[in-house]
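Structure file model.cif with mmCIF, C-alpha atoms and all ligand atoms:
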data_query
loop_
_atom_site.label_atom_id
_atom_site.label_comp_id
_atom_site.auth_asym_id
_atom_site.auth_seq_id
_atom_site.Cartn_x
_atom_site.Cartn_y
_atom_site.Cartn_z
CA MET N 1 -43.04 3.49 9.48
CA SER N 2 -46.20 5.55 9.79
CA LYS N 3 -49.60 4.01 10.37
CA SER N 4 -50.79 5.23 6.98
CA MET N 5 -47.95 3.31 5.23
CA HIS N 6 -49.06 0.16 7.03
CA GLN N 7 -52.66 0.73 5.93
CA LYS N 8 -51.57 1.06 2.32
CA LYS N 9 -49.48 -2.12 2.43
CA PRO N 10 -50.20 -4.31 -0.62
CA ASN N 11 -51.93 -7.64 -0.18
CA PHE N 12 -51.04 -9.60 -3.30
CA ILE N 13 -47.68 -10.43 -4.81
CA ASP N 14 -48.33 -8.46 -8.04
CA GLU N 15 -48.91 -5.35 -5.97
CA TYR N 16 -45.40 -5.72 -4.57
CA ARG N 17 -44.15 -5.30 -8.14
CA GLU N 18 -46.28 -2.32 -9.14
CA ARG N 19 -44.30 0.51 -10.65
CA GLU N 20 -46.67 3.19 -9.26
CA ALA N 21 -46.38 1.85 -5.71
CA ALA N 22 -42.59 1.66 -6.03
CA THR N 23 -42.43 5.22 -7.37
CA ARG N 24 -44.57 6.54 -4.50
CA ILE N 25 -42.28 4.93 -1.89
CA LEU N 26 -39.19 6.18 -3.68
CA GLU N 27 -40.59 9.70 -3.56
CA LYS N 28 -41.15 9.33 0.17
CA ILE N 29 -37.55 8.15 0.65
CA HIS N 30 -36.27 11.19 -1.27
CA ALA N 31 -38.57 13.47 0.74
CA ILE N 32 -37.37 12.37 4.20
CA SER N 33 -33.71 11.62 3.48
CA THR N 34 -31.22 14.26 4.67
CA LYS N 35 -28.41 12.28 6.32
CA LYS N 36 -25.46 10.57 4.66
CA ILE N 37 -26.00 6.91 5.53
CA THR N 38 -24.71 3.48 4.60
CA ILE N 39 -27.12 0.55 4.60
CA MET N 40 -26.09 -3.07 4.16
CA GLU N 41 -28.31 -5.82 2.79
CA ILE N 42 -27.17 -9.15 4.09
CA CYS N 43 -28.95 -11.59 1.80
CA GLY N 44 -27.95 -12.81 -1.65
CA THR N 45 -31.55 -12.79 -2.88
CA HIS N 46 -31.87 -9.15 -1.80
CA THR N 47 -28.61 -8.39 -3.61
CA HIS N 48 -30.06 -9.76 -6.83
CA SER N 49 -33.40 -7.95 -6.41
CA VAL N 50 -31.60 -4.67 -5.67
CA SER N 51 -29.61 -5.03 -8.91
CA LYS N 52 -32.48 -6.40 -10.98
CA TYR N 53 -34.84 -3.54 -10.12
CA GLY N 54 -32.19 -0.81 -10.20
CA ILE N 55 -32.91 0.13 -6.60
CA ARG N 56 -29.36 1.14 -5.70
CA ASN N 57 -29.21 3.83 -8.37
CA SER N 58 -32.70 5.15 -7.69
CA LEU N 59 -31.96 6.13 -4.09
CA PRO N 60 -30.84 9.64 -3.08
CA PRO N 61 -27.07 10.09 -3.52
CA ASN N 62 -26.58 10.42 0.25
CA ILE N 63 -27.77 6.80 0.75
CA THR N 64 -25.22 4.10 -0.01
CA LEU N 65 -26.62 0.59 -0.27
CA ILE N 66 -23.92 -2.06 -0.01
CA SER N 67 -24.03 -5.85 -0.13
CA GLY N 68 -22.70 -8.06 2.64
CA PRO N 69 -21.85 -11.75 3.06
CA GLY N 70 -25.33 -12.99 2.23
CA CYS N 71 -24.49 -15.71 -0.26
CA PRO N 72 -24.14 -19.08 1.51
CA VAL N 73 -21.94 -20.80 -1.03
CA CYS N 74 -19.72 -17.70 -1.40
CA VAL N 75 -18.87 -17.73 2.30
CA THR N 76 -17.97 -21.43 2.33
CA ALA N 77 -14.24 -21.43 3.08
CA SER N 78 -11.96 -22.34 0.16
CA SER N 79 -10.16 -24.75 2.53
CA ASP N 80 -13.48 -26.56 3.11
CA ILE N 81 -14.02 -26.89 -0.64
CA ASN N 82 -10.42 -28.11 -1.05
CA ARG N 83 -10.77 -30.74 1.64
CA ILE N 84 -14.03 -32.20 0.35
CA ILE N 85 -12.51 -32.40 -3.14
CA ASP N 86 -9.38 -34.10 -1.75
CA PHE N 87 -11.59 -36.44 0.26
CA VAL N 88 -13.90 -37.57 -2.54
CA GLU N 89 -10.97 -38.01 -4.93
CA THR N 90 -9.24 -40.35 -2.48
CA HIS N 91 -12.38 -42.22 -1.28
CA PRO N 92 -13.98 -43.93 -4.28
CA ASP N 93 -16.15 -45.89 -1.86
CA VAL N 94 -17.94 -42.69 -0.75
CA THR N 95 -20.65 -40.73 -2.57
CA VAL N 96 -20.59 -37.01 -1.83
CA ALA N 97 -24.00 -35.38 -2.10
CA THR N 98 -24.28 -31.60 -2.28
CA PHE N 99 -26.36 -28.70 -3.55
CA GLY N 100 -26.05 -27.73 -7.22
CA ASP N 101 -24.82 -24.23 -6.36
CA MET N 102 -21.67 -25.70 -4.78
CA MET N 103 -20.54 -27.56 -7.88
CA ARG N 104 -18.87 -24.68 -9.73
CA VAL N 105 -17.63 -22.73 -6.71
CA PRO N 106 -13.83 -22.59 -6.95
CA GLY N 107 -11.75 -23.82 -4.08
CA SER N 108 -8.09 -22.89 -4.24
CA TYR N 109 -7.27 -25.17 -7.15
CA SER N 110 -10.40 -26.75 -8.58
CA THR N 111 -14.14 -27.29 -8.24
CA LEU N 112 -16.46 -30.17 -7.38
CA SER N 113 -17.59 -30.12 -11.03
CA GLU N 114 -14.03 -30.76 -12.16
CA ALA N 115 -13.62 -33.52 -9.58
CA LYS N 116 -16.84 -35.13 -10.85
CA ALA N 117 -15.64 -34.86 -14.44
CA ASN N 118 -12.48 -36.67 -13.30
CA GLY N 119 -14.56 -39.57 -12.00
CA ALA N 120 -15.36 -38.68 -8.37
CA ASP N 121 -18.79 -39.83 -7.21
CA ILE N 122 -20.46 -36.48 -6.52
CA ARG N 123 -24.22 -36.13 -6.84
CA VAL N 124 -26.40 -33.04 -6.73
CA VAL N 125 -29.32 -32.99 -4.30
CA TYR N 126 -32.39 -30.80 -4.58
CA SER N 127 -33.23 -31.48 -0.94
CA PRO N 128 -31.00 -32.91 1.80
CA LEU N 129 -33.54 -35.73 2.01
CA ASN N 130 -32.22 -36.96 -1.36
CA ALA N 131 -29.10 -38.07 0.54
CA ILE N 132 -31.28 -40.48 2.53
CA GLU N 133 -32.60 -41.92 -0.75
CA PHE N 134 -29.02 -42.45 -1.99
CA ALA N 135 -28.04 -44.15 1.27
CA GLU N 136 -31.11 -46.42 1.30
CA LYS N 137 -30.70 -47.38 -2.34
CA ASP N 138 -27.10 -48.47 -1.92
CA PRO N 139 -26.56 -49.62 1.68
CA ASP N 140 -23.03 -50.85 0.93
CA LYS N 141 -21.87 -47.39 -0.05
CA GLU N 142 -21.14 -44.49 2.32
CA VAL N 143 -23.00 -41.27 1.51
CA LEU N 144 -21.61 -37.98 2.79
CA LEU N 145 -23.81 -34.89 2.61
CA PHE N 146 -21.65 -31.78 2.13
CA ALA N 147 -24.04 -29.34 3.76
CA VAL N 148 -23.69 -25.56 3.54
CA GLY N 149 -26.18 -22.76 4.00
CA PHE N 150 -27.70 -20.32 6.44
CA GLU N 151 -30.61 -20.72 8.84
CA THR N 152 -32.94 -21.34 5.90
CA THR N 153 -31.20 -24.61 5.02
CA SER N 154 -29.87 -25.93 8.32
CA PRO N 155 -33.26 -26.98 9.80
CA THR N 156 -33.86 -29.27 6.79
CA VAL N 157 -30.41 -30.79 7.24
CA ALA N 158 -31.13 -31.24 10.96
CA ALA N 159 -34.43 -32.95 10.07
CA THR N 160 -32.57 -35.18 7.60
CA ILE N 161 -30.20 -36.30 10.37
CA LYS N 162 -33.14 -37.01 12.70
CA ILE N 163 -34.92 -39.05 10.04
CA ALA N 164 -31.72 -40.97 9.25
CA LYS N 165 -31.41 -41.85 12.94
CA GLU N 166 -35.05 -42.95 13.15
CA LYS N 167 -34.52 -45.15 10.10
CA GLY N 168 -31.37 -46.63 11.63
CA LEU N 169 -29.23 -45.67 8.62
CA LYS N 170 -25.58 -46.58 9.11
CA ASN N 171 -24.11 -45.32 5.84
CA LEU N 172 -25.07 -41.62 5.92
CA SER N 173 -23.03 -38.79 7.40
CA VAL N 174 -23.07 -35.00 7.16
CA LEU N 175 -20.19 -32.55 6.86
CA ALA N 176 -22.04 -29.64 8.44
CA LEU N 177 -20.63 -26.28 7.37
CA HIS N 178 -23.68 -24.17 8.10
CA LYS N 179 -23.35 -20.52 8.98
CA LEU N 180 -25.37 -18.34 11.33
CA THR N 181 -26.18 -14.82 10.17
CA PRO N 182 -26.34 -12.69 13.36
CA PRO N 183 -22.76 -13.48 14.52
CA ALA N 184 -21.48 -12.41 11.08
CA MET N 185 -23.32 -9.09 11.44
CA ARG N 186 -21.68 -8.59 14.82
CA ALA N 187 -18.28 -9.41 13.30
CA LEU N 188 -18.81 -6.81 10.57
CA MET N 189 -19.75 -4.17 13.14
CA ASP N 190 -16.70 -5.05 15.26
CA SER N 191 -14.29 -5.20 12.33
CA GLY N 192 -13.99 -1.44 11.98
CA GLY N 193 -13.41 -1.98 8.26
CA ILE N 194 -16.68 -0.42 7.26
CA HIS N 195 -19.21 1.88 8.89
CA ILE N 196 -22.76 0.49 8.67
CA ASP N 197 -25.67 2.65 9.86
CA GLY N 198 -28.38 0.01 9.49
CA PHE N 199 -29.25 -3.35 8.01
CA ILE N 200 -31.84 -4.67 5.59
CA CYS N 201 -32.17 -8.12 7.14
CA PRO N 202 -32.86 -11.32 5.21
CA GLY N 203 -36.47 -12.40 4.85
CA HIS N 204 -36.09 -16.17 4.62
CA VAL N 205 -33.44 -16.48 7.33
CA THR N 206 -35.50 -14.34 9.70
CA ALA N 207 -38.62 -16.43 9.03
CA ILE N 208 -36.69 -19.12 10.94
CA THR N 209 -34.73 -17.11 13.50
CA GLY N 210 -37.29 -14.38 14.21
CA SER N 211 -36.39 -10.70 14.10
CA GLU N 212 -35.45 -10.74 17.79
CA ALA N 213 -32.20 -12.37 16.67
CA TYR N 214 -31.04 -8.86 15.66
CA ALA N 215 -32.02 -7.12 18.92
CA PHE N 216 -28.33 -6.86 19.91
CA LEU N 217 -27.62 -4.67 16.87
CA ALA N 218 -30.10 -2.04 18.00
CA ARG N 219 -29.17 -2.36 21.67
CA GLU N 220 -25.37 -2.53 21.48
CA TYR N 221 -24.55 -0.81 18.17
CA LYS N 222 -27.54 1.54 17.80
CA ALA N 223 -27.98 0.08 14.32
CA PRO N 224 -31.61 -0.19 13.19
CA CYS N 225 -32.69 -3.28 11.29
CA VAL N 226 -35.63 -3.87 8.95
CA VAL N 227 -36.52 -7.35 7.76
CA ALA N 228 -37.66 -7.01 4.16
CA GLY N 229 -39.17 -9.21 1.48
CA PHE N 230 -37.78 -9.65 -2.01
CA GLU N 231 -40.08 -7.76 -4.36
CA PRO N 232 -39.19 -4.18 -5.35
CA VAL N 233 -41.94 -2.67 -3.20
CA ASP N 234 -40.79 -4.79 -0.25
CA LEU N 235 -37.24 -3.59 -0.60
CA LEU N 236 -38.16 0.05 -1.06
CA LEU N 237 -40.48 -0.10 1.95
CA GLY N 238 -37.61 -1.67 3.89
CA VAL N 239 -35.26 1.14 2.88
CA TYR N 240 -37.94 3.73 3.71
CA MET N 241 -38.49 2.25 7.19
CA LEU N 242 -34.74 2.18 7.80
CA VAL N 243 -34.16 5.74 6.56
CA LYS N 244 -37.07 6.95 8.69
CA GLN N 245 -35.54 5.39 11.80
CA LEU N 246 -32.14 6.88 11.06
CA GLU N 247 -33.57 10.31 10.30
CA GLU N 248 -35.48 10.19 13.60
CA GLY N 249 -32.46 8.93 15.53
CA ARG N 250 -34.11 5.62 16.39
CA ALA N 251 -32.64 2.13 16.38
CA ASN N 252 -35.37 -0.50 16.39
CA ILE N 253 -35.92 -3.90 14.86
CA GLU N 254 -38.83 -3.67 12.42
CA ILE N 255 -40.45 -6.10 10.02
CA GLU N 256 -41.58 -5.08 6.55
CA TYR N 257 -42.01 -8.73 5.49
CA SER N 258 -44.74 -9.36 8.04
CA ARG N 259 -46.64 -11.70 5.72
CA ILE N 260 -43.87 -14.27 6.35
CA VAL N 261 -41.71 -13.11 9.29
CA HIS N 262 -42.59 -12.86 12.98
CA PRO N 263 -40.51 -11.56 15.88
CA ASN N 264 -40.05 -15.03 17.37
CA GLY N 265 -39.59 -16.92 14.11
CA ASN N 266 -40.46 -20.53 13.45
CA LYS N 267 -40.34 -22.36 16.78
CA LYS N 268 -40.61 -25.83 15.23
CA ALA N 269 -37.62 -25.24 12.94
CA GLN N 270 -35.66 -23.72 15.82
CA GLN N 271 -36.38 -26.81 17.95
CA VAL N 272 -35.19 -29.21 15.23
CA LEU N 273 -32.00 -27.16 14.96
CA LEU N 274 -31.51 -27.22 18.72
CA ASP N 275 -32.09 -30.97 18.87
CA VAL N 276 -29.34 -31.76 16.37
CA PHE N 277 -26.85 -28.86 16.34
CA THR N 278 -24.97 -26.69 18.78
CA PRO N 279 -23.21 -23.41 17.85
CA THR N 280 -19.49 -23.51 17.16
CA ASP N 281 -16.86 -21.19 15.68
CA ALA N 282 -16.80 -21.22 11.89
CA LEU N 283 -14.48 -20.11 9.11
CA TRP N 284 -16.06 -17.71 6.60
CA ARG N 285 -14.49 -17.24 3.20
CA GLY N 286 -12.88 -13.83 2.95
CA ILE N 287 -13.78 -12.93 6.52
CA GLY N 288 -12.03 -15.50 8.70
CA GLU N 289 -13.15 -17.28 11.83
CA ILE N 290 -16.26 -15.87 13.50
CA PRO N 291 -17.07 -17.04 17.04
CA GLY N 292 -20.33 -18.95 17.39
CA SER N 293 -21.22 -18.57 13.73
CA GLY N 294 -21.32 -22.25 12.75
CA LEU N 295 -23.22 -25.37 13.75
CA LYS N 296 -21.74 -28.61 15.11
CA ILE N 297 -23.61 -31.92 15.27
CA LYS N 298 -24.48 -32.81 18.87
CA GLU N 299 -23.17 -35.91 20.63
CA ALA N 300 -26.57 -37.64 20.40
CA TYR N 301 -26.21 -37.62 16.60
CA SER N 302 -22.43 -38.09 16.45
CA GLY N 303 -22.81 -41.24 14.34
CA PHE N 304 -23.90 -38.95 11.50
CA ASP N 305 -21.02 -36.51 11.87
CA ALA N 306 -18.69 -36.90 8.89
CA GLU N 307 -15.90 -35.16 10.85
CA ARG N 308 -15.97 -38.01 13.37
CA ARG N 309 -16.52 -40.81 10.91
CA PHE N 310 -13.74 -39.84 8.51
CA GLU N 311 -10.44 -38.03 8.43
CA ILE N 312 -11.15 -34.89 6.39
CA PRO N 313 -8.12 -32.74 7.10
CA SER N 314 -8.22 -29.01 6.52
CA GLY N 315 -5.55 -26.88 4.84
CA PRO N 316 -4.88 -23.17 4.48
CA GLU N 317 -7.24 -20.65 2.93
CA ILE N 318 -5.82 -19.78 -0.49
CA GLU N 319 -7.80 -17.54 -2.82
CA PRO N 320 -7.55 -17.54 -6.61
CA ASP N 321 -4.97 -15.03 -7.89
CA GLY N 322 -6.35 -11.52 -8.18
CA CYS N 323 -9.77 -12.36 -6.74
CA ASP N 324 -11.09 -9.71 -4.36
CA CYS N 325 -14.14 -11.63 -3.09
CA ALA N 326 -12.91 -11.08 0.47
CA SER N 327 -13.44 -7.32 0.11
CA VAL N 328 -16.75 -7.80 -1.75
CA LEU N 329 -18.11 -10.08 0.99
CA LYS N 330 -17.21 -7.54 3.67
CA GLY N 331 -18.81 -4.69 1.72
CA LEU N 332 -15.46 -2.91 1.40
CA ILE N 333 -15.65 -2.68 -2.39
CA THR N 334 -18.27 -3.12 -5.07
CA PRO N 335 -17.60 -5.82 -7.69
CA PRO N 336 -16.58 -3.41 -10.49
CA GLU N 337 -13.72 -2.30 -8.23
CA CYS N 338 -12.16 -5.77 -8.61
CA ALA N 339 -9.63 -5.67 -11.45
CA LEU N 340 -10.91 -8.99 -12.85
CA PHE N 341 -14.62 -8.06 -12.92
CA GLY N 342 -16.16 -8.54 -16.36
CA THR N 343 -12.80 -9.25 -18.00
CA ALA N 344 -10.94 -12.25 -16.61
CA CYS N 345 -13.92 -13.05 -14.38
CA THR N 346 -17.41 -13.55 -15.83
CA PRO N 347 -20.26 -15.97 -15.01
CA GLU N 348 -19.08 -18.19 -17.90
CA ARG N 349 -15.49 -18.20 -16.61
CA PRO N 350 -15.75 -17.30 -12.89
CA VAL N 351 -12.59 -16.77 -10.89
CA GLY N 352 -14.17 -16.35 -7.45
CA PRO N 353 -17.28 -17.62 -5.68
CA CYS N 354 -19.14 -14.30 -5.87
CA MET N 355 -19.33 -14.62 -9.66
CA VAL N 356 -20.50 -18.25 -9.63
CA SER N 357 -23.41 -18.43 -7.31
CA SER N 358 -26.90 -17.39 -8.25
CA GLU N 359 -26.79 -15.36 -5.02
CA GLY N 360 -23.30 -13.90 -5.50
CA THR N 361 -22.80 -10.14 -5.51
CA CYS N 362 -20.48 -10.11 -8.52
CA ALA N 363 -22.92 -12.25 -10.51
CA ALA N 364 -25.74 -9.81 -9.65
CA TYR N 365 -23.70 -6.77 -10.70
CA TYR N 366 -22.62 -8.47 -13.92
CA ARG N 367 -26.04 -9.82 -14.86
CA TYR N 368 -27.93 -6.59 -14.29
CA LYS N 369 -25.09 -4.27 -15.31
CA SER N 370 -25.45 -2.33 -12.06
CA LEU N 371 -22.12 -0.55 -12.33
S1 LIG B 401 -15.16 -10.17 -9.98
FE1 LIG B 401 -14.54 -12.30 -9.84
S2 LIG B 401 -12.43 -12.25 -9.10
FE2 LIG B 401 -13.35 -10.24 -8.69
S3 LIG B 401 -14.15 -10.36 -6.62
FE3 LIG B 401 -15.82 -10.93 -7.98
S4 LIG B 401 -15.69 -13.17 -8.14
FE4 LIG B 401 -13.73 -12.47 -7.27
#
If you took the structure in this file and wrote it as structure tokens, what would it be?
Amino acid sequence: MSKSMHQKKPNFIDEYREREAATRILEKIHAISTKKITIMEICGTHTHSVSKYGIRNSLPPNITLISGPGCPVCVTASSDINRIIDFVETHPDVTVATFGDMMRVPGSYSTLSEAKANGADIRVVYSPLNAIEFAEKDPDKEVLLFAVGFETTSPTVAATIKIAKEKGLKNLSVLALHKLTPPAMRALMDSGGIHIDGFICPGHVTAITGSEAYAFLAREYKAPCVVAGFEPVDLLLGVYMLVKQLEEGRANIEIEYSRIVHPNGNKKAQQVLLDVFTPTDALWRGIGEIPGSGLKIKEAYSGFDAERRFEIPSGPEIEPDGCDCASVLKGLITPPECALFGTACTPERPVGPCMVSSEGTCAAYYRYKSL
């Protein structure tokens, strides 16, 4: 990005939504773009902003902007949803606490919402700390926090475990199914299924991890990365910075979202994560097992590990009939290429996770009609 673009960077949130500013950046993208390139955005909130503001269709035809596995509930394995449903249905003495977004996500056969309707004790939390409140209020009942999410969520879950330990809580445990973003990006690059020239990296995740977490993509894969914010001007600036790098044959890690993101991230949040969790292999819905892409509770906090406290057996990954979320999550197809999109599968009657979640790619395409 040129110095002059930096000097013109907006200061207030409304300016990041200004049509004139967006148009100017779009013109610059069109002016410099000559190469046929494919860019992936790897954040569900970006996916929705891209669709909402019509960014995909406003880019030059030689730029393809695809969505990756950036929706945390969508990448939660169907077998993990199945096993928590089986568990709560057979353990009436346990309360399962989870985020609202998880409730309607289909496993292989049913959802947490359906299990709750059938009498299972499942409660929605707005913060993981709510699980502590449940546990303190009813000390005779076990509370299990079914925790999913990327690096934005996992530090709060880690802090919850630390607080529970400090309070001496004996009836709280966590089924930690968190995912780490950079290993998934490596897996996509290694998969050979899709060619990606560069990444628009997630703003919130990178506020925690720091942009240095993507250095390997530039170094090993020659793939430039730009961390972008969520407003239309943010995203267009991000695309401009990425296109400029690719046109100039550079592969660097740059930050458009510098009002929030720093190269080294949030050290305090990283420390809390390190205190409680250690990386482990994790199963991603539609993608499979990715080495080092999950988080396991460390020995020092093993008393809060639901996997050690209970038997929660896993089964096979089985996707709903006809659902092509696996290909959507890998960026191999766009949602309208799924035969069920908009017909058998809608936000009111979702078949797969990508149509349920507020961050799902299919939901974004459907809601904003970005066909
Ligand atoms: S449209 Fe529905 S069935 Fe098709 S991939 Fe998306 S969520 Fe799955």
task = Please write out the residues within 12 Å of ligand LIG 401 (chain B) as a count of residues only, counting all atoms listed in the file.
result = 56
message = Restricting the calculation to all atoms listed in the file: of N:Ala21, N:Gly315, N:Val243, N:Pro155, which residue gets closest to Asn82 (chain N)?
response =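 Closest candidate: N:Gly315.
For the choices N:Arg83, N:His195, N:His91, N:Lys170, the atom-to-atom distance to Ser108 (chain N) is smallest for N:Arg83 when using all atoms listed in the file.
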message = Just to confirm, what's the straight-line distance from CA of Leu112 (chain N) to CA of Ser302 (chain N) in Å (one decimal)?
response = 25.8 Å
Once you count only C-alpha atoms, which residues end up no further than 9 Å from (-38.1, -14.6, 8.4) in the file's frame, shown as a PDB file with C-alpha atoms, keeping the file's coordinate frame?
ATOM      1  CA  THR N 152     -32.940 -21.340   5.900  1.00  0.00           C
ATOM      2  CA  CYS N 201     -32.170  -8.120   7.140  1.00  0.00           C
ATOM      3  CA  PRO N 202     -32.860 -11.320   5.210  1.00  0.00           C
ATOM      4  CA  GLY N 203     -36.470 -12.400   4.850  1.00  0.00           C
ATOM      5  CA  HIS N 204     -36.090 -16.170   4.620  1.00  0.00           C
ATOM      6  CA  VAL N 205     -33.440 -16.480   7.330  1.00  0.00           C
ATOM      7  CA  THR N 206     -35.500 -14.340   9.700  1.00  0.00           C
ATOM      8  CA  ALA N 207     -38.620 -16.430   9.030  1.00  0.00           C
ATOM      9  CA  ILE N 208     -36.690 -19.120  10.940  1.00  0.00           C
ATOM     10  CA  THR N 209     -34.730 -17.110  13.500  1.00  0.00           C
ATOM     11  CA  GLY N 210     -37.290 -14.380  14.210  1.00  0.00           C
ATOM     12  CA  SER N 211     -36.390 -10.700  14.100  1.00  0.00           C
ATOM     13  CA  VAL N 227     -36.520  -7.350   7.760  1.00  0.00           C
ATOM     14  CA  ALA N 228     -37.660  -7.010   4.160  1.00  0.00           C
ATOM     15  CA  GLY N 229     -39.170  -9.210   1.480  1.00  0.00           C
ATOM     16  CA  ILE N 255     -40.450  -6.100  10.020  1.00  0.00           C
ATOM     17  CA  TYR N 257     -42.010  -8.730   5.490  1.00  0.00           C
ATOM     18  CA  SER N 258     -44.740  -9.360   8.040  1.00  0.00           C
ATOM     19  CA  ILE N 260     -43.870 -14.270   6.350  1.00  0.00           C
ATOM     20  CA  VAL N 261     -41.710 -13.110   9.290  1.00  0.00           C
ATOM     21  CA  HIS N 262     -42.590 -12.860  12.980  1.00  0.00           C
ATOM     22  CA  PRO N 263     -40.510 -11.560  15.880  1.00  0.00           C
ATOM     23  CA  GLY N 265     -39.590 -16.920  14.110  1.00  0.00           C
ATOM     24  CA  ASN N 266     -40.460 -20.530  13.450  1.00  0.00           C
TER      25      ASN N 266
END
request  = Counting all atoms listed in the file, figure out which residue out of N:Lys167, N:Lys268, N:Arg104, N:Lys244 gets nearest to Ile25 (chain N).
outcome  =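 Checking each of N:Lys167, N:Lys268, N:Arg104, N:Lys244 against Ile25 (chain N), counting all atoms listed in the file, the winner is N:Lys244.
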task = Would you mind telling me which residue in N:Thr181, N:Ser79, N:Gln271, N:Thr95 lies nearest to Glu142 (chain N) when using all atoms listed in the file?
result = N:Thr95
task = Considering all atoms listed in the file, return as a PyMOL selection string whatever protein or nucleic-acid residues lie within 9 Å of Gly292 (chain N), sequence-local ones (same chain, fewer than 6 positions apart) excluded.
result = chain N and resi 180+183+279-282
Output, as AutoDock Vina command-line options, the centre and edge lengths in Å (one decimal) of the axis-aligned box that contains all listed atoms of region 174-179 of chain N with 3 Å of margin on each side.
--center_x -21.9 --center_y -27.8 --center_z 7.9 --size_x 9.5 --size_y 20.5 --size_z 8.1
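Counting only C-alpha atoms and comparing N:Ile318, N:Met185, N:Ala159, N:Met103, the residue that lies closest to Leu274 (chain N) is N:Ala159.
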Within 10 Å of Thr153 (chain N), counting only C-alpha atoms, which residues qualify if same-chain residues fewer than 3 places away don't, as a PDB file with C-alpha atoms, keeping the file's coordinate frame?
ATOM      1  CA  PRO N  72     -24.140 -19.080   1.510  1.00  0.00           C
ATOM      2  CA  SER N 127     -33.230 -31.480  -0.940  1.00  0.00           C
ATOM      3  CA  PRO N 128     -31.000 -32.910   1.800  1.00  0.00           C
ATOM      4  CA  ALA N 147     -24.040 -29.340   3.760  1.00  0.00           C
ATOM      5  CA  VAL N 148     -23.690 -25.560   3.540  1.00  0.00           C
ATOM      6  CA  GLY N 149     -26.180 -22.760   4.000  1.00  0.00           C
ATOM      7  CA  PHE N 150     -27.700 -20.320   6.440  1.00  0.00           C
ATOM      8  CA  THR N 156     -33.860 -29.270   6.790  1.00  0.00           C
ATOM      9  CA  VAL N 157     -30.410 -30.790   7.240  1.00  0.00           C
ATOM     10  CA  ALA N 158     -31.130 -31.240  10.960  1.00  0.00           C
ATOM     11  CA  HIS N 178     -23.680 -24.170   8.100  1.00  0.00           C
ATOM     12  CA  LYS N 179     -23.350 -20.520   8.980  1.00  0.00           C
ATOM     13  CA  HIS N 204     -36.090 -16.170   4.620  1.00  0.00           C
ATOM     14  CA  VAL N 205     -33.440 -16.480   7.330  1.00  0.00           C
ATOM     15  CA  ILE N 208     -36.690 -19.120  10.940  1.00  0.00           C
TER      16      ILE N 208
END
request  = In the coordinate frame of the file, compute which residues have an atom within 8 Å of (-8.2, -33.1, 2.3) when using only C-alpha atoms, and state them as number ranges by chain.
outcome  = N: 82-87, 312-315
inquiry  = So the first atom is CA of Cys225 (chain N) and the second is CA of Gly198 (chain N); what is the distance between them in Å, to one decimal place?
reply    =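 Between CA of Cys225 (chain N) and CA of Gly198 (chain N) the gap works out to 5.7 Å.
Candidate residues N:Ile161, N:Ile200, N:Leu175, N:Val233 were compared for distance to Asp275 (chain N), and the nearest is N:Ile161, using all atoms listed in the file.
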ask   = Can you list, as a ChimeraX atom specification, every protein, DNA or RNA residue that comes within 9 Å of Ile297 (chain N) when you count only C-alpha atoms, leaving out same-chain residues fewer than 4 positions away?
value = /N:158,174,176,276-279,301-302,304-305
request  = Quick one: everything within 6 Å of Leu65 (chain N), counting only C-alpha atoms, minus sequence neighbours fewer than 6 positions away in the same chain. Send it as a ChimeraX atom specification.
outcome  = /N:38-40
